[in-house]
Every structure is written in C-alpha cells, then in structure tokens.
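Undergrad: Before I ask anything, here is the structure I am working with.
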There are 2 protein chains.
Amino acid sequence: MMSTFPLPDASIEAAIAAVKFDADGLVPAIAQQHDSGEVLMMAWMNRDSIAETLRTGRVCYWSRSRQNFWRKGESSGQVQMLIEWRVDCDGDTILLRVDQQGPACHTGRRSCFYRRADTEGLTITDPVLLSPEALYGNKGQTPGF
Amino acid sequence: MMSTFPLPDASIEAAIAAVKFDADGLVPAIAQQHDSGEVLMMAWMNRDSIAETLRTGRVCYWSRSRQNFWRKGESSGQVQMLIEWRVDCDGDTILLRVDQQGPACHTGRRSCFYRRADTEGLTITDPVLLSPEALYGNKGQTPGF
C-alpha cells in the first residue's frame, strides 16, 4: 500500500474513476505540504493531468487560462513532488500531499493564502521568499493560471 | 490584528472585495483544522455566507444542491468554529482555519479525504468515528451538498 510512483495503471484508473469532474472536465486540487501541513495552493486538474501526476510523481495541473498542462515548477524551478493523492467523499475535490520546493505562490511566497481578514481589514501575513523576477527571470509573464 | 468575531463591517467588506466569485457567484472554501493542520473538507461559499461566517465566527457554507445556507453542524451538531479566514493570491479560493468538533465528513469520518490512491488501488485509510445514524438520526437524509 505504498504511494510510490509510477502507480500501476489499475490504481490510476481507480483514482480517475472516483473523481466527479465538472462540466469542463475539471476538478479542484488542494496542495498541502506533507510534513508541515501548510495549505499551499489550489489549482485544477483534468483526467490527463491526474494520470500524468500519478505516473511521474510530479504534480501536473491543468491551466484553465492556457488550456494546457501546467507542470508546477516548469518555469520557476519550484517543483511539487507528490507524496500522496487523496479524493474526498463525493469525489469532487482532490487533496495532494506534496513536497514543495521553495515558494508555491507566483508572488514568491510559500503559500498562496497569505492574506487574512482581521480587525484591520485584509492583512498580508507572509513574507516574499523569492522575488517573481528571481522565480521567472525576464520571461515577461508568470505561468499557470 | 485579532481574528475575533464579529469582524468589523469594513473588514467583512474588504474580505468580500478580495474574492473573485465564479459565474454562479460562488467560491471554493477549504476547511483546515487550525492546530493539527488536517485538511477536513472543501465546500462552497457565496457573498452572503462569507458575511455570515465573519459576523458569527461559525462557518456557514452555501449548499449548491439545496440553494441555501449550510450552517455546518446544523443537523449533525458537529459545528465548525472559525479561527482565521484567508484568501489566495488571485482571490478564487478561500482557506478557513477552523476548530472542527468531531467528524467533518457526512460519512462520520474526521476528514472527507479518507481515500488514497496507492499500489492497491483506492484505499480507505480513515476510520468512521460516528455513524451517519448517530450524526443525523432518523432525519432520512444528510444535509449539505
């Protein structure tokens, strides 16, 4: 019952069969750092990106804006290795327990959830670890969503 | 900068202004147990359920199936108290850090993400803490989604 990758084809098929994709063929996927428990980001997967993720052990989302695979870290170098793939009770959300190298957020922060509602309004709580320029160089745009 | 509730109206307005609702006026919300880091569930919120949650400090989702407020725990007694409300970089996902009493899942498990893809296929990893009958009695249906 190990989660080593590639998973066998039968396991990949069972995983995909458990997912209820939306009208666009997509399902939201939450990425959580496996050891610290930090919730890093939420993005979308389709059937093919789930299969690729379970084959390679490296997280591959589906970019809704680019309508293409979004292999996390492809541009920034900050890859997400898959530790464990989970699906919820009604099959409409995936939980990816990952090992995220460096920042998960395109702003250079560890987590995308760096803004908190509090008595002051909306407060930025997390520091920038790496500037977007350092992450993406002079490519002129950030990848992904 | 405390997250005590009710938050001031200005904070509630700032929180809602940061959210990019989808075409149905909804946004996915991830619930995470604030101290253990467990990801418990994902459900949906609209503008009004966010406002109610930030006013009361008790999590209120929007039920897509019932098209009505879904005050978590209303039927099961397993309420979710809000510790912290966060929004992601592009405003299309909310992270609720909560204190969940008992099971979050309608199956009676702590988390909805109790199925894991592994070499055996799709494995149920988490025990049932309370039977659905104990949670919902003879009401004939489970609430929520």
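Each chain in the structure tokens gets a letter, A, B and so on, in the order shown; residues start at 1 in every chain, and ligands are counted from 1 in the order they appear.
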From a DSSP calculation on the backbone, collect every residue of segment 66-104 of chain A in strand (DSSP E) and output the set as a list in words.

TA: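 Filtering segment 66-104 of chain A to strand (DSSP E) leaves Asn68, Phe69, Trp70, Arg71, Gln80, Met81, Leu82, Ile83, Glu84, Trp85, Arg86, Val87, Ile94, Leu95, Leu96, Arg97, Val98, Asp99 and Gln100 of chain A.
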
Undergrad: Please provide as a ChimeraX atom specification all residues within 7 Å of segment 28-44 of chain A, with the sequence filter that same-chain residues fewer than 2 positions apart are discarded (counting only C-alpha atoms).

TA: /A:26,46,61-62,83,93-100,104,110-112 /B:37-38,93

Undergrad: Got a sec to pull out which chain B residues are within 8 Å of chain A, counting only C-alpha atoms, and send them as a PDB file with C-alpha atoms, in the first residue's frame?

TA:
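To be explicit, this is the file written out as iface-v1.pdb:
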ATOM      1  CA  MET B   1      -4.999  42.445  14.190  1.00  0.00           C
ATOM      2  CA  MET B   2      -7.003  39.815  16.041  1.00  0.00           C
ATOM      3  CA  SER B   3      -9.351  37.478  14.216  1.00  0.00           C
ATOM      4  CA  THR B   4     -12.082  37.768  16.822  1.00  0.00           C
ATOM      5  CA  LEU B   7     -15.202  41.309  12.436  1.00  0.00           C
ATOM      6  CA  PRO B   8     -15.939  44.992  11.775  1.00  0.00           C
ATOM      7  CA  ALA B  10     -15.131  47.290   6.945  1.00  0.00           C
ATOM      8  CA  SER B  11     -13.129  44.069   7.315  1.00  0.00           C
ATOM      9  CA  ILE B  12     -16.007  41.971   6.031  1.00  0.00           C
ATOM     10  CA  ALA B  14     -12.559  44.098   2.375  1.00  0.00           C
ATOM     11  CA  ALA B  15     -12.654  40.304   2.565  1.00  0.00           C
ATOM     12  CA  SER B  36      -3.352  19.849  13.674  1.00  0.00           C
ATOM     13  CA  GLY B  37      -3.264  21.098  10.078  1.00  0.00           C
ATOM     14  CA  GLU B  38      -5.684  18.391   8.861  1.00  0.00           C
ATOM     15  CA  MET B  41     -13.247  19.303   3.575  1.00  0.00           C
ATOM     16  CA  MET B  42     -13.918  21.627   0.689  1.00  0.00           C
ATOM     17  CA  GLU B  84      -8.924  32.514  10.686  1.00  0.00           C
ATOM     18  CA  TRP B  85     -10.224  33.484   7.229  1.00  0.00           C
ATOM     19  CA  ARG B  86      -7.719  33.641   4.386  1.00  0.00           C
ATOM     20  CA  VAL B  87      -7.935  34.251   0.645  1.00  0.00           C
ATOM     21  CA  ASP B  88      -5.421  33.241  -2.013  1.00  0.00           C
ATOM     22  CA  CYS B  89      -3.326  35.393  -4.348  1.00  0.00           C
ATOM     23  CA  THR B  93     -10.109  30.195  -3.231  1.00  0.00           C
ATOM     24  CA  ILE B  94     -10.719  30.707   0.496  1.00  0.00           C
ATOM     25  CA  LEU B  95      -8.866  28.939   3.303  1.00  0.00           C
ATOM     26  CA  CYS B 105     -17.421  14.280   6.867  1.00  0.00           C
ATOM     27  CA  THR B 107     -19.703   9.541   6.486  1.00  0.00           C
ATOM     28  CA  CYS B 112     -13.650  13.936   3.750  1.00  0.00           C
ATOM     29  CA  PHE B 113     -10.302  12.974   2.177  1.00  0.00           C
ATOM     30  CA  TYR B 114     -10.244   9.406   3.500  1.00  0.00           C
ATOM     31  CA  ARG B 115      -9.447   7.640   0.209  1.00  0.00           C
ATOM     32  CA  ARG B 116      -5.887   7.331  -1.069  1.00  0.00           C
ATOM     33  CA  ALA B 117      -4.582   6.142  -4.425  1.00  0.00           C
ATOM     34  CA  ASP B 118      -1.795   3.628  -3.811  1.00  0.00           C
ATOM     35  CA  THR B 119      -0.399   0.434  -5.280  1.00  0.00           C
ATOM     36  CA  GLU B 120      -3.510  -1.467  -4.137  1.00  0.00           C
ATOM     37  CA  GLY B 121      -5.935   0.864  -5.936  1.00  0.00           C
ATOM     38  CA  LEU B 122      -8.107   3.265  -3.941  1.00  0.00           C
TER      39      LEU B 122
END

Undergrad: Present chain A as a short mmCIF file (atom, residue, chain, number, x, y, z; two decimals) with N, CA and C atoms, in the first residue's frame, least-squares fitted onto chain B over all of its C-alpha atoms paired in order.

TA:
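Everything below was put into superposed_38.cif:
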data_model
loop_
_atom_site.label_atom_id
_atom_site.label_comp_id
_atom_site.auth_asym_id
_atom_site.auth_seq_id
_atom_site.Cartn_x
_atom_site.Cartn_y
_atom_site.Cartn_z
N MET A 1 -4.89 43.37 15.29
CA MET A 1 -4.95 42.43 14.16
C MET A 1 -5.47 41.06 14.60
N MET A 2 -6.37 41.06 15.56
CA MET A 2 -6.95 39.80 16.01
C MET A 2 -8.03 39.34 15.03
N SER A 3 -8.26 38.04 15.04
CA SER A 3 -9.32 37.48 14.20
C SER A 3 -10.54 37.15 15.05
N THR A 4 -10.87 38.02 15.98
CA THR A 4 -12.05 37.76 16.81
C THR A 4 -13.29 38.19 16.06
N PHE A 5 -14.38 37.51 16.34
CA PHE A 5 -15.62 37.74 15.59
C PHE A 5 -16.69 38.28 16.52
N PRO A 6 -17.62 39.10 16.01
CA PRO A 6 -17.73 39.54 14.62
C PRO A 6 -16.59 40.47 14.22
N LEU A 7 -16.12 40.32 12.96
CA LEU A 7 -15.20 41.31 12.42
C LEU A 7 -15.97 42.60 12.14
N PRO A 8 -15.27 43.73 12.14
CA PRO A 8 -15.94 44.99 11.77
C PRO A 8 -16.47 44.92 10.34
N ASP A 9 -17.51 45.68 10.07
CA ASP A 9 -18.10 45.69 8.72
C ASP A 9 -17.06 46.00 7.65
N ALA A 10 -16.14 46.92 7.95
CA ALA A 10 -15.12 47.29 6.94
C ALA A 10 -14.23 46.09 6.59
N SER A 11 -13.93 45.27 7.58
CA SER A 11 -13.11 44.08 7.32
C SER A 11 -13.89 43.06 6.49
N ILE A 12 -15.16 42.92 6.80
CA ILE A 12 -16.00 41.98 6.03
C ILE A 12 -16.09 42.44 4.58
N GLU A 13 -16.26 43.75 4.40
CA GLU A 13 -16.32 44.28 3.04
C GLU A 13 -14.99 44.08 2.30
N ALA A 14 -13.87 44.30 2.99
CA ALA A 14 -12.55 44.11 2.37
C ALA A 14 -12.34 42.64 1.99
N ALA A 15 -12.79 41.74 2.85
CA ALA A 15 -12.65 40.30 2.56
C ALA A 15 -13.45 39.94 1.32
N ILE A 16 -14.69 40.35 1.27
CA ILE A 16 -15.56 40.00 0.13
C ILE A 16 -15.03 40.66 -1.15
N ALA A 17 -14.51 41.88 -1.03
CA ALA A 17 -13.99 42.58 -2.22
C ALA A 17 -12.78 41.86 -2.81
N ALA A 18 -12.07 41.09 -1.99
CA ALA A 18 -10.87 40.39 -2.47
C ALA A 18 -11.21 39.08 -3.19
N VAL A 19 -12.47 38.67 -3.11
CA VAL A 19 -12.86 37.37 -3.68
C VAL A 19 -13.34 37.56 -5.12
N LYS A 20 -12.84 36.68 -6.00
CA LYS A 20 -13.37 36.62 -7.37
C LYS A 20 -14.35 35.46 -7.43
N PHE A 21 -15.63 35.79 -7.37
CA PHE A 21 -16.66 34.75 -7.42
C PHE A 21 -16.79 34.21 -8.85
N ASP A 22 -17.20 32.94 -8.96
CA ASP A 22 -17.37 32.36 -10.29
C ASP A 22 -18.71 32.79 -10.89
N ALA A 23 -19.03 32.25 -12.05
CA ALA A 23 -20.23 32.68 -12.77
C ALA A 23 -21.51 32.45 -11.96
N ASP A 24 -21.45 31.50 -11.02
CA ASP A 24 -22.61 31.23 -10.16
C ASP A 24 -22.57 32.02 -8.86
N GLY A 25 -21.58 32.92 -8.73
CA GLY A 25 -21.47 33.71 -7.51
C GLY A 25 -20.86 32.94 -6.35
N LEU A 26 -20.12 31.88 -6.67
CA LEU A 26 -19.57 31.01 -5.63
C LEU A 26 -18.05 31.00 -5.66
N VAL A 27 -17.46 30.58 -4.53
CA VAL A 27 -16.01 30.42 -4.42
C VAL A 27 -15.75 29.18 -3.56
N PRO A 28 -14.77 28.35 -3.94
CA PRO A 28 -14.47 27.19 -3.12
C PRO A 28 -13.76 27.59 -1.82
N ALA A 29 -14.12 26.92 -0.74
CA ALA A 29 -13.52 27.20 0.58
C ALA A 29 -12.99 25.90 1.17
N ILE A 30 -11.71 25.90 1.49
CA ILE A 30 -11.04 24.74 2.10
C ILE A 30 -11.11 24.92 3.62
N ALA A 31 -11.53 23.88 4.34
CA ALA A 31 -11.53 23.94 5.80
C ALA A 31 -10.37 23.12 6.34
N GLN A 32 -9.54 23.76 7.15
CA GLN A 32 -8.36 23.11 7.74
C GLN A 32 -8.43 23.25 9.26
N GLN A 33 -8.24 22.15 9.98
CA GLN A 33 -8.18 22.23 11.44
C GLN A 33 -6.98 23.09 11.83
N HIS A 34 -7.22 24.12 12.64
CA HIS A 34 -6.21 25.16 12.86
C HIS A 34 -4.97 24.65 13.58
N ASP A 35 -5.10 23.69 14.47
CA ASP A 35 -3.93 23.28 15.26
C ASP A 35 -3.23 22.05 14.68
N SER A 36 -3.99 21.08 14.21
CA SER A 36 -3.37 19.85 13.69
C SER A 36 -2.95 19.99 12.23
N GLY A 37 -3.57 20.94 11.50
CA GLY A 37 -3.27 21.11 10.08
C GLY A 37 -4.06 20.19 9.16
N GLU A 38 -4.89 19.29 9.72
CA GLU A 38 -5.68 18.39 8.88
C GLU A 38 -6.55 19.17 7.89
N VAL A 39 -6.53 18.78 6.61
CA VAL A 39 -7.49 19.32 5.66
C VAL A 39 -8.77 18.50 5.79
N LEU A 40 -9.85 19.15 6.19
CA LEU A 40 -11.07 18.45 6.57
C LEU A 40 -12.04 18.27 5.41
N MET A 41 -12.22 19.32 4.61
CA MET A 41 -13.26 19.29 3.58
C MET A 41 -13.09 20.49 2.66
N MET A 42 -13.80 20.47 1.56
CA MET A 42 -13.92 21.63 0.69
C MET A 42 -15.40 21.81 0.38
N ALA A 43 -15.88 23.03 0.50
CA ALA A 43 -17.27 23.32 0.15
C ALA A 43 -17.31 24.71 -0.48
N TRP A 44 -18.48 25.25 -0.71
CA TRP A 44 -18.61 26.50 -1.45
C TRP A 44 -19.23 27.59 -0.59
N MET A 45 -18.84 28.81 -0.86
CA MET A 45 -19.42 29.96 -0.18
C MET A 45 -19.88 30.96 -1.23
N ASN A 46 -20.88 31.76 -0.88
CA ASN A 46 -21.22 32.92 -1.69
C ASN A 46 -21.01 34.17 -0.81
N ARG A 47 -21.32 35.31 -1.36
CA ARG A 47 -21.11 36.57 -0.66
C ARG A 47 -21.80 36.57 0.72
N ASP A 48 -23.05 36.13 0.75
CA ASP A 48 -23.80 36.20 2.00
C ASP A 48 -23.30 35.21 3.04
N SER A 49 -22.86 34.03 2.59
CA SER A 49 -22.38 33.06 3.58
C SER A 49 -21.02 33.48 4.13
N ILE A 50 -20.21 34.17 3.32
CA ILE A 50 -18.95 34.72 3.85
C ILE A 50 -19.26 35.77 4.92
N ALA A 51 -20.18 36.66 4.59
CA ALA A 51 -20.53 37.72 5.55
C ALA A 51 -21.04 37.11 6.85
N GLU A 52 -21.93 36.12 6.74
CA GLU A 52 -22.46 35.50 7.97
C GLU A 52 -21.34 34.84 8.77
N THR A 53 -20.43 34.15 8.08
CA THR A 53 -19.33 33.46 8.75
C THR A 53 -18.45 34.45 9.51
N LEU A 54 -18.15 35.60 8.88
CA LEU A 54 -17.26 36.59 9.52
C LEU A 54 -17.99 37.37 10.62
N ARG A 55 -19.30 37.37 10.56
CA ARG A 55 -20.06 38.03 11.63
C ARG A 55 -20.21 37.13 12.85
N THR A 56 -20.48 35.83 12.57
CA THR A 56 -20.81 34.94 13.69
C THR A 56 -19.61 34.18 14.22
N GLY A 57 -18.57 34.00 13.38
CA GLY A 57 -17.44 33.17 13.80
C GLY A 57 -17.76 31.68 13.73
N ARG A 58 -18.88 31.36 13.11
CA ARG A 58 -19.24 29.96 12.90
C ARG A 58 -19.41 29.74 11.40
N VAL A 59 -18.78 28.68 10.87
CA VAL A 59 -18.70 28.56 9.41
C VAL A 59 -20.06 28.23 8.80
N CYS A 60 -20.41 29.04 7.81
CA CYS A 60 -21.65 28.86 7.05
C CYS A 60 -21.29 28.79 5.57
N TYR A 61 -21.54 27.63 4.94
CA TYR A 61 -21.30 27.46 3.52
C TYR A 61 -22.58 27.77 2.74
N TRP A 62 -22.48 27.64 1.41
CA TRP A 62 -23.65 27.72 0.55
C TRP A 62 -23.85 26.34 -0.05
N SER A 63 -25.01 25.77 0.17
CA SER A 63 -25.31 24.45 -0.38
C SER A 63 -25.77 24.60 -1.82
N ARG A 64 -24.97 24.02 -2.75
CA ARG A 64 -25.36 24.11 -4.16
C ARG A 64 -26.59 23.26 -4.45
N SER A 65 -26.74 22.14 -3.72
CA SER A 65 -27.89 21.27 -4.00
C SER A 65 -29.18 21.86 -3.42
N ARG A 66 -29.08 22.43 -2.23
CA ARG A 66 -30.28 22.99 -1.60
C ARG A 66 -30.48 24.46 -1.94
N GLN A 67 -29.46 25.10 -2.54
CA GLN A 67 -29.52 26.54 -2.85
C GLN A 67 -29.93 27.33 -1.61
N ASN A 68 -29.18 27.07 -0.55
CA ASN A 68 -29.49 27.73 0.72
C ASN A 68 -28.25 27.71 1.61
N PHE A 69 -28.31 28.48 2.70
CA PHE A 69 -27.22 28.44 3.67
C PHE A 69 -27.03 27.02 4.19
N TRP A 70 -25.78 26.68 4.41
CA TRP A 70 -25.45 25.39 5.02
C TRP A 70 -24.58 25.71 6.23
N ARG A 71 -25.25 25.86 7.36
CA ARG A 71 -24.53 26.15 8.59
C ARG A 71 -23.98 24.83 9.11
N LYS A 72 -22.67 24.68 8.95
CA LYS A 72 -22.02 23.40 9.23
C LYS A 72 -22.33 22.97 10.66
N GLY A 73 -22.87 21.76 10.80
CA GLY A 73 -23.20 21.23 12.12
C GLY A 73 -24.65 21.45 12.52
N GLU A 74 -25.41 22.13 11.67
CA GLU A 74 -26.81 22.44 12.00
C GLU A 74 -27.61 21.15 12.23
N SER A 75 -27.36 20.13 11.38
CA SER A 75 -28.07 18.87 11.55
C SER A 75 -27.29 17.89 12.41
N SER A 76 -25.98 17.87 12.26
CA SER A 76 -25.16 16.83 12.89
C SER A 76 -24.67 17.24 14.27
N GLY A 77 -24.70 18.53 14.56
CA GLY A 77 -24.14 19.02 15.82
C GLY A 77 -22.63 19.23 15.77
N GLN A 78 -22.00 18.83 14.64
CA GLN A 78 -20.53 18.91 14.55
C GLN A 78 -20.15 20.26 13.93
N VAL A 79 -20.20 21.30 14.74
CA VAL A 79 -20.01 22.66 14.22
C VAL A 79 -18.54 22.94 13.91
N GLN A 80 -18.36 23.92 13.06
CA GLN A 80 -17.02 24.42 12.70
C GLN A 80 -16.92 25.87 13.15
N MET A 81 -16.09 26.12 14.14
CA MET A 81 -15.87 27.49 14.58
C MET A 81 -14.70 28.06 13.79
N LEU A 82 -14.83 29.31 13.38
CA LEU A 82 -13.80 29.94 12.54
C LEU A 82 -12.68 30.51 13.42
N ILE A 83 -11.46 30.16 13.09
CA ILE A 83 -10.30 30.74 13.76
C ILE A 83 -9.70 31.84 12.89
N GLU A 84 -9.60 31.57 11.59
CA GLU A 84 -8.94 32.52 10.70
C GLU A 84 -9.50 32.35 9.29
N TRP A 85 -9.71 33.49 8.61
CA TRP A 85 -10.23 33.49 7.24
C TRP A 85 -9.15 34.02 6.32
N ARG A 86 -8.77 33.24 5.31
CA ARG A 86 -7.72 33.64 4.37
C ARG A 86 -8.21 33.53 2.94
N VAL A 87 -7.60 34.33 2.06
CA VAL A 87 -7.93 34.26 0.64
C VAL A 87 -6.63 34.15 -0.13
N ASP A 88 -6.68 33.48 -1.29
CA ASP A 88 -5.43 33.25 -2.02
C ASP A 88 -5.08 34.42 -2.94
N CYS A 89 -3.92 34.30 -3.58
CA CYS A 89 -3.33 35.40 -4.35
C CYS A 89 -4.25 35.93 -5.44
N ASP A 90 -4.96 35.05 -6.11
CA ASP A 90 -5.84 35.53 -7.18
C ASP A 90 -7.30 35.55 -6.78
N GLY A 91 -7.56 35.38 -5.49
CA GLY A 91 -8.90 35.61 -4.95
C GLY A 91 -9.93 34.57 -5.30
N ASP A 92 -9.51 33.44 -5.86
CA ASP A 92 -10.53 32.47 -6.27
C ASP A 92 -10.62 31.24 -5.37
N THR A 93 -9.96 31.27 -4.22
CA THR A 93 -10.11 30.20 -3.24
C THR A 93 -9.96 30.79 -1.83
N ILE A 94 -10.78 30.30 -0.92
CA ILE A 94 -10.72 30.70 0.49
C ILE A 94 -10.14 29.56 1.31
N LEU A 95 -9.34 29.92 2.31
CA LEU A 95 -8.87 28.94 3.30
C LEU A 95 -9.44 29.32 4.66
N LEU A 96 -10.22 28.40 5.23
CA LEU A 96 -10.80 28.60 6.56
C LEU A 96 -10.00 27.78 7.55
N ARG A 97 -9.36 28.46 8.48
CA ARG A 97 -8.72 27.72 9.57
C ARG A 97 -9.75 27.64 10.68
N VAL A 98 -10.12 26.42 11.05
CA VAL A 98 -11.30 26.21 11.89
C VAL A 98 -10.97 25.36 13.10
N ASP A 99 -11.92 25.35 14.02
CA ASP A 99 -11.90 24.35 15.08
C ASP A 99 -13.13 23.47 14.87
N GLN A 100 -12.88 22.28 14.33
CA GLN A 100 -13.96 21.36 13.96
C GLN A 100 -14.22 20.42 15.12
N GLN A 101 -15.47 20.42 15.57
CA GLN A 101 -15.88 19.47 16.60
C GLN A 101 -16.21 18.14 15.93
N GLY A 102 -15.56 17.06 16.34
CA GLY A 102 -15.88 15.73 15.82
C GLY A 102 -15.64 15.58 14.34
N PRO A 103 -16.44 14.69 13.69
CA PRO A 103 -16.24 14.42 12.27
C PRO A 103 -16.67 15.60 11.41
N ALA A 104 -15.88 15.93 10.38
CA ALA A 104 -16.30 16.92 9.39
C ALA A 104 -17.08 16.26 8.27
N CYS A 105 -16.85 14.99 8.03
CA CYS A 105 -17.42 14.30 6.87
C CYS A 105 -18.78 13.67 7.21
N HIS A 106 -19.67 13.71 6.22
CA HIS A 106 -21.02 13.14 6.45
C HIS A 106 -20.99 11.63 6.61
N THR A 107 -19.84 11.01 6.27
CA THR A 107 -19.72 9.56 6.48
C THR A 107 -19.34 9.24 7.93
N GLY A 108 -19.10 10.28 8.72
CA GLY A 108 -18.72 10.10 10.12
C GLY A 108 -17.22 10.05 10.33
N ARG A 109 -16.47 10.30 9.25
CA ARG A 109 -15.01 10.35 9.39
C ARG A 109 -14.57 11.78 9.68
N ARG A 110 -13.40 11.90 10.26
CA ARG A 110 -12.88 13.22 10.61
C ARG A 110 -12.75 14.11 9.38
N SER A 111 -12.13 13.59 8.33
CA SER A 111 -11.89 14.35 7.10
C SER A 111 -12.62 13.68 5.94
N CYS A 112 -13.03 14.50 4.98
CA CYS A 112 -13.64 13.95 3.76
C CYS A 112 -12.62 13.26 2.86
N PHE A 113 -11.34 13.51 3.08
CA PHE A 113 -10.29 12.98 2.18
C PHE A 113 -9.75 11.66 2.73
N TYR A 114 -10.62 10.67 2.85
CA TYR A 114 -10.25 9.41 3.51
C TYR A 114 -9.88 8.31 2.52
N ARG A 115 -9.81 8.64 1.23
CA ARG A 115 -9.46 7.64 0.21
C ARG A 115 -8.16 8.04 -0.47
N ARG A 116 -7.24 7.11 -0.54
CA ARG A 116 -5.90 7.34 -1.07
C ARG A 116 -5.62 6.41 -2.26
N ALA A 117 -5.05 6.98 -3.30
CA ALA A 117 -4.60 6.16 -4.42
C ALA A 117 -3.24 5.59 -4.07
N ASP A 118 -3.10 4.26 -4.11
CA ASP A 118 -1.82 3.63 -3.82
C ASP A 118 -1.68 2.38 -4.69
N THR A 119 -0.68 1.58 -4.40
CA THR A 119 -0.42 0.44 -5.28
C THR A 119 -1.55 -0.60 -5.26
N GLU A 120 -2.40 -0.55 -4.23
CA GLU A 120 -3.53 -1.48 -4.12
C GLU A 120 -4.76 -0.99 -4.88
N GLY A 121 -4.76 0.28 -5.29
CA GLY A 121 -5.95 0.87 -5.92
C GLY A 121 -6.34 2.10 -5.15
N LEU A 122 -7.62 2.15 -4.76
CA LEU A 122 -8.10 3.27 -3.94
C LEU A 122 -8.40 2.71 -2.55
N THR A 123 -7.63 3.13 -1.56
CA THR A 123 -7.69 2.53 -0.23
C THR A 123 -8.35 3.50 0.77
N ILE A 124 -9.31 2.99 1.55
CA ILE A 124 -9.90 3.79 2.63
C ILE A 124 -8.94 3.73 3.81
N THR A 125 -8.48 4.91 4.25
CA THR A 125 -7.43 4.96 5.27
C THR A 125 -7.93 5.39 6.64
N ASP A 126 -9.13 6.01 6.70
CA ASP A 126 -9.55 6.62 7.97
C ASP A 126 -10.77 5.93 8.55
N PRO A 127 -10.82 5.77 9.86
CA PRO A 127 -11.96 5.10 10.50
C PRO A 127 -13.20 6.00 10.60
N VAL A 128 -14.36 5.36 10.68
CA VAL A 128 -15.60 6.07 10.99
C VAL A 128 -15.63 6.34 12.49
N LEU A 129 -15.74 7.61 12.87
CA LEU A 129 -15.75 7.98 14.30
C LEU A 129 -17.16 7.93 14.88
N LEU A 130 -18.10 8.34 14.06
CA LEU A 130 -19.51 8.35 14.47
C LEU A 130 -20.32 7.89 13.27
N SER A 131 -21.28 6.99 13.47
CA SER A 131 -22.07 6.51 12.34
C SER A 131 -22.95 7.64 11.83
N PRO A 132 -23.25 7.62 10.52
CA PRO A 132 -24.18 8.63 10.00
C PRO A 132 -25.51 8.64 10.76
N GLU A 133 -25.95 7.46 11.23
CA GLU A 133 -27.20 7.41 12.01
C GLU A 133 -27.05 8.22 13.30
N ALA A 134 -25.89 8.07 13.96
CA ALA A 134 -25.65 8.82 15.19
C ALA A 134 -25.57 10.32 14.88
N LEU A 135 -25.01 10.63 13.70
CA LEU A 135 -24.86 12.05 13.34
C LEU A 135 -26.19 12.69 12.97
N TYR A 136 -26.99 11.94 12.18
CA TYR A 136 -28.16 12.58 11.59
C TYR A 136 -29.48 11.98 12.05
N GLY A 137 -29.41 10.96 12.94
CA GLY A 137 -30.63 10.37 13.47
C GLY A 137 -31.49 9.78 12.37
N ASN A 138 -32.78 9.94 12.50
CA ASN A 138 -33.70 9.34 11.53
C ASN A 138 -34.26 10.38 10.58
N LYS A 139 -33.45 11.41 10.32
CA LYS A 139 -33.97 12.49 9.48
C LYS A 139 -34.04 12.09 8.00
N GLY A 140 -33.47 10.90 7.71
CA GLY A 140 -33.68 10.36 6.37
C GLY A 140 -32.71 10.87 5.32
N GLN A 141 -31.99 11.93 5.61
CA GLN A 141 -31.02 12.38 4.62
C GLN A 141 -29.91 13.16 5.31
N THR A 142 -28.79 13.18 4.63
CA THR A 142 -27.66 13.96 5.13
C THR A 142 -27.75 15.35 4.53
N PRO A 143 -27.37 16.35 5.31
CA PRO A 143 -27.51 17.72 4.84
C PRO A 143 -26.32 18.13 3.98
N GLY A 144 -26.36 19.34 3.52
CA GLY A 144 -25.20 19.94 2.86
C GLY A 144 -25.25 19.75 1.38
N PHE A 145 -24.14 19.26 0.81
CA PHE A 145 -24.06 19.12 -0.64
C PHE A 145 -25.14 18.20 -1.14
#

Undergrad: Using DSSP on the backbone coordinates, identify all residues within segment 14-116 of chain A classified as alpha helix (DSSP H); present the result as a compact mmCIF listing (two decimals) with N, CA, C and O atoms, in the first residue's frame.

TA:
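Dumped to out-v2.txt:
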# COMPACT_ATOMS: atom_id res chain seq x y z
N ALA A 14 -8.49 3.53 -11.10
CA ALA A 14 -9.38 3.59 -9.93
C ALA A 14 -9.46 5.01 -9.39
O ALA A 14 -10.53 5.48 -8.97
N ALA A 15 -8.33 5.71 -9.38
CA ALA A 15 -8.31 7.09 -8.88
C ALA A 15 -9.18 7.97 -9.77
O ALA A 15 -10.05 8.71 -9.28
N ILE A 16 -8.99 7.89 -11.07
CA ILE A 16 -9.74 8.74 -12.00
C ILE A 16 -11.23 8.38 -11.95
O ILE A 16 -12.09 9.27 -12.01
N ALA A 17 -11.54 7.09 -11.80
CA ALA A 17 -12.95 6.67 -11.75
C ALA A 17 -13.66 7.23 -10.52
O ALA A 17 -14.89 7.38 -10.52
N ARG A 47 -8.53 14.84 -16.33
CA ARG A 47 -8.22 13.42 -16.36
C ARG A 47 -6.73 13.18 -16.73
O ARG A 47 -6.03 12.42 -16.06
N ASP A 48 -6.27 13.86 -17.76
CA ASP A 48 -4.91 13.60 -18.25
C ASP A 48 -3.85 14.10 -17.28
O ASP A 48 -2.79 13.49 -17.13
N SER A 49 -4.13 15.23 -16.62
CA SER A 49 -3.10 15.74 -15.69
C SER A 49 -3.05 14.88 -14.43
O SER A 49 -1.98 14.72 -13.83
N ILE A 50 -4.19 14.29 -14.03
CA ILE A 50 -4.15 13.34 -12.90
C ILE A 50 -3.31 12.13 -13.29
O ILE A 50 -2.44 11.68 -12.53
N ALA A 51 -3.57 11.60 -14.48
CA ALA A 51 -2.81 10.41 -14.92
C ALA A 51 -1.32 10.72 -14.97
O ALA A 51 -0.49 9.94 -14.47
N GLU A 52 -0.96 11.88 -15.53
CA GLU A 52 0.47 12.21 -15.60
C GLU A 52 1.07 12.34 -14.21
O GLU A 52 2.18 11.86 -13.95
N THR A 53 0.34 12.98 -13.29
CA THR A 53 0.83 13.17 -11.93
C THR A 53 1.08 11.83 -11.24
O THR A 53 2.11 11.63 -10.57
N LEU A 54 0.15 10.88 -11.42
CA LEU A 54 0.29 9.57 -10.75
C LEU A 54 1.33 8.69 -11.44
O LEU A 54 1.83 7.74 -10.83
N ARG A 55 1.63 9.00 -12.68
CA ARG A 55 2.68 8.26 -13.37
C ARG A 55 4.07 8.77 -13.00
O ARG A 55 4.99 8.00 -12.78
N THR A 56 4.17 10.12 -12.93
CA THR A 56 5.51 10.70 -12.77
C THR A 56 5.86 10.98 -11.32
O THR A 56 7.05 11.09 -10.98
